[in-house]
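Take a look at the structure below.
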Amino acid sequence: MAYTTIDDPTIHFNTKLYTGNGGSQTITGVGFKPDWTWWKSRDAGNSHALVDIVRGTNKVLYSDSTSTEQPISAQTFNSDGYAIVQDAGANSINSNGSTKVGWSWLAGGSQGSSNTDGSINTTYTSANTTSGFSISTYTGTGSAATIGHGLGAKPAMIMVKRLNASAEAWVVYHQSLGGGTTPQDKYLHLNSSDAEGDSAGMWNDTAPTTSLFSVGSTGVSNGSGGTFVAYCFAEKQGYSKFGSYVGNGNADGSFIYTGFKPAFVIIKESNGTNSWQMWDNKRPGYNLTDKYLQPNTTSAEISGNNQIDILSTGIKLRSSNTANNGNGQSFIYMAFAESPFVSSSGVPTTAR
């Protein structure tokens with residue numbers, strides 16, 4: 001039985017839907033004080049807006065762009081959500097009359113402090129060892145190095161973005177890239193649909209450990225004098241899953257077992273050039289779940305294809321579309337729970 005380690009996932013991750021008002025408003029119902037929120041306009045072609053407590057809530061990154069970290073009006077994380085203001089540099093947060101989605105994670109509950117486990121000391125690391133999520137900032141050296149992530153468990157996925165160089169892509173490590181055999185050589189770009197790349201210089205040809213992840217000499221992960229943010233995720237039974245599958249090209253698609261009812265899913269074809277796709281349990285809130293967004297584009301919410309069913313123990317693919325179920329194609333995914341299938345005491349939940 002897939003006993004969980006987290007009985008209530010909503011105190012570590014949650015999705016919130018609301019409508020922007022073009023001014024200021026307070027959004028409640030998240031269930032905790034976020035440390036990282038990823039916003040997107042559902043009905044408009046605005047860039048994804050990523051704000052976190054470690055970099056500062058007056059700074060934004062765009063998952064669909066290589067641009068540098070941009071200044072914005074300060075957004076405020078509160079005990080049950082966030083107080084937001086309109087800023088033209090982050091229209092996905094509160095532009096007037098636009099429908100929004102915000103995905104929020106709890107890290108360490110504060111900006112954190114320096115982690116000195118690696119050869120590069122982080123500026124700040126805010127870590128949630130219970131849910132397996134940390135945010136770290138560091139300055140690159142241009143030479144192979146190690147960086148402490150603070151999780152106490154091996155990261156299954158890492159997203160890194162250089163903050164002060166506009167030509168540098170988002171780079172993603174995932175434990176299942178390269179068929180899971182040599183993922184330390186492999187990477188994806190969050191801001192593009194490119195297939196997985198192979199570079200020993202990206203992660204220094206070294207797998208993450210329970211305390212460290214490694215970087216090589218490339219500008220995107222360790223450019224000399226560059227400032228960086230790293231979002232690290234460790235897998236937690238019954239709460240998060242970072243895996244892979246092979247598509248069958250059939251509307252009666254593969255079943256992806258997670259051991260929980262997913263609240264949030266991102267999928268990327270790893271050996272092809274289809275875009276990233278993201279679903280959640282609030283859009284539309286029932287099966288078929290056919291409303292998705294693309295982290296690598298500014299596109300508004302898309303519906304009518306690439307459907308999935310969100311089930312009590314995982315995801316059932318309900319489309320023959322090549323973007324998430326191409327026949328014989330390889331895909332990686334990340335998923336977070338709405339509800340575990342089995343509680344920490346071994347009692348089956350009712351979320352099915």
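Just so we're on the same page: first chain in the structure tokens is A, next is B, and so on; residues restart at 1 for each chain, and ligands are numbered from 1 in the order they show up.
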
message: I want to know what sits within 10 Å of Ala83 of chain A, based on only C-alpha atoms, with residues of the same chain fewer than 3 positions away left out; could you give that as a ChimeraX atom specification?
response: /A:24-28,74-78,80

How would the residues just chosen look if you wrote them out with C-alpha atoms as a short mmCIF file (atom, residue, chain, number, x, y, z; two decimals), in the first residue's frame?
data_model
loop_
_atom_site.label_atom_id
_atom_site.label_comp_id
_atom_site.auth_asym_id
_atom_site.auth_seq_id
_atom_site.Cartn_x
_atom_site.Cartn_y
_atom_site.Cartn_z
CA SER A 24 -5.05 45.64 -5.48
CA GLN A 25 -6.83 42.73 -3.82
CA THR A 26 -6.27 40.00 -1.26
CA ILE A 27 -6.68 36.38 -2.34
CA THR A 28 -7.42 33.89 0.46
CA ALA A 74 5.84 44.11 -4.34
CA GLN A 75 3.35 41.28 -3.96
CA THR A 76 2.74 40.16 -0.37
CA PHE A 77 2.41 36.58 0.84
CA ASN A 78 -0.07 36.27 3.73
CA ASP A 80 -3.78 32.17 3.82
#

- prompt: Excluding same-chain residues fewer than 4 positions from Thr57 of chain A, what lies within 10 Å of it counting only C-alpha atoms, as a list in words?
  reply: Asp35, Trp36, Thr37, Leu50, Val51, Asp52, Ile53, Pro71, Ile72, Ser73, Ala74, Gln75, Thr76 and Phe77 of chain A

query: How many Å lie between atom CA of Leu190 of chain A and atom CA of Asn324 of chain A, rounded to one decimal?
result: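 Taking atom CA of Leu190 of chain A and atom CA of Asn324 of chain A, their separation equals 15.9 Å.
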
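Every residue of segment 79-230 of chain A with a DSSP assignment of alpha helix (DSSP H), taken from the backbone, is listed as Asn91, Ser92, Ile93, Asn94, Gly219, Val220, Ser221 and Asn222 of chain A.
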
For segment 35-120 of chain A versus segment 278-301 of chain A, which residues have an atom no more than 8 Å away, and what is each residue's nearest atom pair and distance in Å rounded to one decimal, using only C-alpha atoms, chain-then-number order, as CSV?
residue,atom,partner,partner_atom,distance
A:Ser41,CA,A:Ala300,CA,6.7
A:Arg42,CA,A:Glu301,CA,4.9
A:Asp43,CA,A:Ala300,CA,5.1
A:Ala44,CA,A:Ala300,CA,4.8
A:Gly45,CA,A:Ser299,CA,4.6
A:Asn46,CA,A:Thr298,CA,5.1
A:Ser47,CA,A:Thr298,CA,4.7
A:His48,CA,A:Thr298,CA,6.7
A:Ser63,CA,A:Pro295,CA,5.8
A:Asp64,CA,A:Asn296,CA,4.1
A:Ser65,CA,A:Asn296,CA,7.4

Atoms kept (C-alpha atoms) for selection, written as a PDB file, in the first residue's frame:
ATOM      1  CA  SER A  41      -3.589  34.392 -16.985  1.00  0.00           C
ATOM      2  CA  ARG A  42      -6.021  31.760 -18.208  1.00  0.00           C
ATOM      3  CA  ASP A  43      -7.793  33.914 -20.796  1.00  0.00           C
ATOM      4  CA  ALA A  44      -4.915  36.015 -22.132  1.00  0.00           C
ATOM      5  CA  GLY A  45      -1.497  35.608 -23.687  1.00  0.00           C
ATOM      6  CA  ASN A  46       0.546  36.936 -20.779  1.00  0.00           C
ATOM      7  CA  SER A  47       3.830  35.526 -19.542  1.00  0.00           C
ATOM      8  CA  HIS A  48       3.830  33.146 -16.600  1.00  0.00           C
ATOM      9  CA  SER A  63       8.995  30.530 -17.274  1.00  0.00           C
ATOM     10  CA  ASP A  64       8.375  31.185 -20.983  1.00  0.00           C
ATOM     11  CA  SER A  65      11.360  33.517 -21.399  1.00  0.00           C
TER      12      SER A  65
END

Straight-line distance linking atom CA of Thr139 of chain A with atom CA of Ala153 of chain A, stated in Å to one decimal: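 Between atom CA of Thr139 of chain A and atom CA of Ala153 of chain A the gap works out to 23.0 Å.
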
- prompt: In segment 61-121 of chain A, what's strand (DSSP E) per DSSP? Answer as a list in words?
  reply: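 Assigned to strand (DSSP E), within segment 61-121 of chain A: Gln70, Pro71, Thr76, Phe77, Asn78, Gly81, Tyr82, Ala83, Ile84, Val85, Thr99, Lys100, Val101, Gly102, Trp103, Ser104 and Trp105 of chain A.
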
message: Give me, as a ChimeraX atom specification, all polymer residues having an atom no more than 8 Å from segment 325-339 of chain A, counting only C-alpha atoms and skipping those fewer than 3 positions away in the same chain.
response: /A:7-10,13,174,176-177,238-250,253-254,258,260-272,281,312,317,319-322,349,351

task: Within 8 Å of Ser344 of chain A, counting only C-alpha atoms, which residues show up once you throw out same-chain ones fewer than 5 positions away? Write them as a list in words, please.
output: Tyr3, Thr4, Thr5, Ile6 and Asp7 of chain A

May I have the residues from that selection written out with N, CA and C atoms, as a short mmCIF file (atom, residue, chain, number, x, y, z; two decimals), in the first residue's frame?
data_model
loop_
_atom_site.label_atom_id
_atom_site.label_comp_id
_atom_site.auth_asym_id
_atom_site.auth_seq_id
_atom_site.Cartn_x
_atom_site.Cartn_y
_atom_site.Cartn_z
N TYR A 3 1.40 4.05 1.51
CA TYR A 3 1.26 4.89 2.70
C TYR A 3 1.90 6.25 2.44
N THR A 4 1.18 7.31 2.77
CA THR A 4 1.72 8.63 2.54
C THR A 4 2.60 9.07 3.71
N THR A 5 3.40 10.08 3.48
CA THR A 5 4.12 10.73 4.56
C THR A 5 3.48 12.09 4.88
N ILE A 6 2.49 12.50 4.07
CA ILE A 6 1.82 13.79 4.25
C ILE A 6 0.32 13.56 4.12
N ASP A 7 -0.40 13.61 5.22
CA ASP A 7 -1.84 13.35 5.18
C ASP A 7 -2.64 14.47 4.55
#

task: Considering only C-alpha atoms, return as a ChimeraX atom specification whatever protein or nucleic-acid residues lie within 8 Å of segment 119-135 of chain A, sequence-local ones (same chain, fewer than 6 positions apart) excluded.
output: /A:6,12,54,106-113,145-153,155,229-236,239

Selection to disk with C-alpha atoms, as a PDB file, in the first residue's frame:
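Written out: out35.pdb:
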ATOM      1  CA  ILE A   6       1.823  13.787   4.253  1.00  0.00           C
ATOM      2  CA  HIS A  12       2.253  22.371   1.277  1.00  0.00           C
ATOM      3  CA  VAL A  54      13.910  34.052  -1.292  1.00  0.00           C
ATOM      4  CA  LEU A 106       5.484  26.132   0.939  1.00  0.00           C
ATOM      5  CA  ALA A 107       9.272  26.082   1.338  1.00  0.00           C
ATOM      6  CA  GLY A 108      10.903  26.886   4.679  1.00  0.00           C
ATOM      7  CA  GLY A 109       8.489  29.639   5.682  1.00  0.00           C
ATOM      8  CA  SER A 110      11.030  32.457   5.389  1.00  0.00           C
ATOM      9  CA  GLN A 111      13.823  33.734   3.157  1.00  0.00           C
ATOM     10  CA  GLY A 112      16.143  31.289   4.903  1.00  0.00           C
ATOM     11  CA  SER A 113      19.873  31.493   5.459  1.00  0.00           C
ATOM     12  CA  ALA A 145      31.071  23.085  -8.094  1.00  0.00           C
ATOM     13  CA  THR A 146      28.544  21.706  -5.618  1.00  0.00           C
ATOM     14  CA  ILE A 147      25.609  23.514  -3.984  1.00  0.00           C
ATOM     15  CA  GLY A 148      23.650  22.584  -0.858  1.00  0.00           C
ATOM     16  CA  HIS A 149      19.889  22.238  -1.376  1.00  0.00           C
ATOM     17  CA  GLY A 150      18.809  21.679   2.241  1.00  0.00           C
ATOM     18  CA  LEU A 151      16.310  18.882   1.556  1.00  0.00           C
ATOM     19  CA  GLY A 152      17.977  16.003   3.370  1.00  0.00           C
ATOM     20  CA  ALA A 153      16.845  13.811   0.452  1.00  0.00           C
ATOM     21  CA  PRO A 155      16.328  15.879  -5.513  1.00  0.00           C
ATOM     22  CA  VAL A 229      17.904  30.606  -8.316  1.00  0.00           C
ATOM     23  CA  ALA A 230      17.376  26.852  -7.936  1.00  0.00           C
ATOM     24  CA  TYR A 231      14.033  25.219  -7.179  1.00  0.00           C
ATOM     25  CA  CYS A 232      14.704  21.680  -5.925  1.00  0.00           C
ATOM     26  CA  PHE A 233      12.153  18.890  -5.441  1.00  0.00           C
ATOM     27  CA  ALA A 234      12.568  15.563  -3.654  1.00  0.00           C
ATOM     28  CA  GLU A 235       9.995  12.809  -4.083  1.00  0.00           C
ATOM     29  CA  LYS A 236       7.713  12.153  -1.092  1.00  0.00           C
ATOM     30  CA  TYR A 239       2.559  13.634  -1.985  1.00  0.00           C
TER      31      TYR A 239
END

message: Could you check the closest approach to Thr182 of chain A for each of A:Ala207, A:Ala169, A:Met202, A:Ile308 and tell me which residue wins, using only C-alpha atoms?
response: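 Going through A:Ala207, A:Ala169, A:Met202, A:Ile308 one by one, the smallest distance to Thr182 of chain A is for A:Ala207.
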
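Ranking A:Ala49, A:Ala323, A:Ile93, A:Leu17 by their shortest atom-to-atom distance to Ser193 of chain A, with only C-alpha atoms included, puts A:Ala323 first.
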